[in-house]
Amino acid sequence: MSRHVAIVTDSTAYLPQGTMERHGITAVPLTVVLGDQALEEGTEISTRSLAQALQKRRPVTTSRPGPEMFARHYREVAESGATGIVSLHLSAELSGTYDAAVVAAREAPVPVRVVDTGMVAMALGFCAVTAAETAESGGTMDDAVAAAEKRAAGTSAYFYVDTLDFLRRGGRIGAAQALFGSALAVKPLLQLEGGRIGPLEKVRTASKAIARLETLVVERAGAAQVDIAVHHLAAPERAGALADRLQERVPGLVDLHVSEVGAVIGAHTGPGLLGVIISVR
C-alpha cells in the first residue's frame, strides 16, 4: 500500500474522469434537488435532464455535501494509504462545501488541510491537478497547498449567460445586480472575483458578448503559458467554435478543455451558459 499525500476536491471541479484517475483525485459530490428528488451530481442527474427542467421552470436547488460524506471519503482515502490529505473546494462565498469539509477534517484519521480556493469549475480543477502533480513529485501537504494557491492566484474565470434570472433565483447575485442584465435586454458578461460571481460588462447582443468574452481571454493570456477550459450548458456548438478560435489566437496555449458544466453550476446559470477559465502555469 503506497504512502502519499492525496488530493480531494468536489464535483464542481468538473475534471475529466481520466484526469482524476491518472492523478488519484477524489471528488465529493454536491447534491441537486429536482422537485422532490435529491440527486448526486455526476452520478444521478444528467445535464440534459437539468437543462430540460430549467427550461420548463421546474424548481431546482442545490446543496452542499454533509460533513458525514466528507468523513467517509477521508476514511476511504486514508485506508488507500494516504498519510495526509489536501482537500480543495469551490469558493466558500458560493457554497457551504468548504465549511462541511472543515468539520469532517477534525475527526479524520490522517491530517487534512482544507482549502477555500475561491474558484469554481475548471478554475478549481486546475488547482486540484497542480496540487496532485506536486504531491506526485514528492511534495508535502504544505507544498501541495502552496502550489494550488499559486495556481488559483493566476486563474481567471469569465462567463456569458443568456439571463441573470437563474443566478438571482439561486441567491448567487442580488436583485440589484440582476437588473444589470435586464435593462434594455443587454447580455451580461460576468467574472469570478474575490470568490464571488459579479457583473463585468454589458453588451447589446449575444454575438457581441461572446466576441468580447473571446477578446478578454486573449488579452488576459498575453504571451504566457496557459491552460484554458471552455464550459457550456446546452450550447456545444457555441463552445466548440469559441474553443477553436482561442486555439488560433492564444500563442501560449498548452492544454485546452471543452466540457459541459455539471448540474450544480448549471442550476445557477441556466442553459446557454458559456464560460472560459484561463489559468497561468
# chains A, B, ... in the order shown; residues from 1 in each chain; ligands from 1
>>> residues_around(residues="Pro29 of chain A", least_positions_apart="4", cutoff="7 Å", atoms="only C-alpha atoms", output="PDB file with C-alpha atoms, in the first residue's frame")
ATOM      1  CA  ASP A  10     -15.635  18.311  -5.035  1.00  0.00           C
ATOM      2  CA  SER A  11     -17.823  17.590  -8.023  1.00  0.00           C
ATOM      3  CA  GLU A  40     -25.834  13.431  -6.526  1.00  0.00           C
ATOM      4  CA  GLU A  41     -24.024  15.489  -9.143  1.00  0.00           C
ATOM      5  CA  PRO A  65     -22.268  17.544   0.896  1.00  0.00           C
TER       6      PRO A  65
END
>>> closest_residue(among="A:Gly272, A:Ala223, A:Arg238, A:Gly18", to="Leu253 of chain A", atoms="only C-alpha atoms")
A:Ala223
>>> residues_around(residues="Val161 of chain A", least_positions_apart="6", cutoff="9 Å", atoms="only C-alpha atoms", output="number ranges by chain")
A: 187-190, 206, 269-275
>>> atom_distance(atom1="atom CA of Ser63 of chain A", atom2="atom CA of Ala147 of chain A")
28.5 Å
>>> residues_around(residues="Arg72 of chain A", least_positions_apart="5", cutoff="9 Å", atoms="only C-alpha atoms", output="list in words")
Pro67, Val77, Ala104 and Ala108 of chain A
>>> select_by_dssp(residues="segment 183-221 of chain A", states="strand (DSSP E or B)", output="list in words")
Lys187, Pro188, Leu189, Leu190, Gln191, Leu192, Glu193, Arg196, Ile197, Gly198, Pro199, Leu200, Glu201, Lys202 and Val203 of chain A
>>> write_last_selection(atoms="C-alpha atoms", output="short mmCIF file (atom, residue, chain, number, x, y, z; two decimals), in the first residue's frame")
data_model
loop_
_atom_site.label_atom_id
_atom_site.label_comp_id
_atom_site.auth_asym_id
_atom_site.auth_seq_id
_atom_site.Cartn_x
_atom_site.Cartn_y
_atom_site.Cartn_z
CA LYS A 187 -26.41 40.41 -22.49
CA PRO A 188 -24.29 40.22 -19.33
CA LEU A 189 -20.67 39.19 -19.02
CA LEU A 190 -19.69 38.06 -15.54
CA GLN A 191 -16.43 37.33 -13.76
CA LEU A 192 -15.32 35.43 -10.69
CA GLU A 193 -13.64 37.88 -8.35
CA ARG A 196 -18.00 35.79 -5.93
CA ILE A 197 -19.67 35.96 -9.33
CA GLY A 198 -20.37 39.54 -10.32
CA PRO A 199 -21.09 41.69 -13.37
CA LEU A 200 -18.19 42.66 -15.61
CA GLU A 201 -19.67 44.28 -18.70
CA LYS A 202 -22.98 44.57 -20.51
CA VAL A 203 -23.17 44.00 -24.25
#
>>> closest_residue(among="A:Ala221, A:Val129, A:Thr9, A:Leu242", to="Ala209 of chain A", atoms="only C-alpha atoms")
A:Leu242
>>> atom_distance(atom1="atom CA of Thr12 of chain A", atom2="atom CA of Gly24 of chain A")
16.8 Å
>>> residues_around(residues="Ala146 of chain A", least_positions_apart="5", cutoff="9 Å", atoms="only C-alpha atoms", output="PyMOL selection string")
chain A and resi 131+141+151
>>> write_last_selection(atoms="C-alpha atoms", output="mmCIF file, in the first residue's frame")
data_model
loop_
_atom_site.group_PDB
_atom_site.id
_atom_site.type_symbol
_atom_site.label_atom_id
_atom_site.label_comp_id
_atom_site.auth_asym_id
_atom_site.auth_seq_id
_atom_site.Cartn_x
_atom_site.Cartn_y
_atom_site.Cartn_z
ATOM 1 C CA ALA A 131 -1.689 20.028 -6.170
ATOM 2 C CA MET A 141 0.981 18.803 2.183
ATOM 3 C CA ARG A 151 -2.408 28.363 -9.408
#
>>> residues_around(residues="Glu149 of chain A", least_positions_apart="4", cutoff="9 Å", atoms="only C-alpha atoms", output="list in words")
Val115, Thr117, Cys127, Ala131, Ala144, Val145, Ala153 and Gly154 of chain A
>>> atom_distance(atom1="atom CA of Val280 of chain A", atom2="atom CA of Arg249 of chain A")
15.8 Å
>>> select_by_dssp(residues="segment 188-256 of chain A", states="alpha helix (DSSP H)", output="MDAnalysis selection string")
chainID A and resid 206:221 236:249
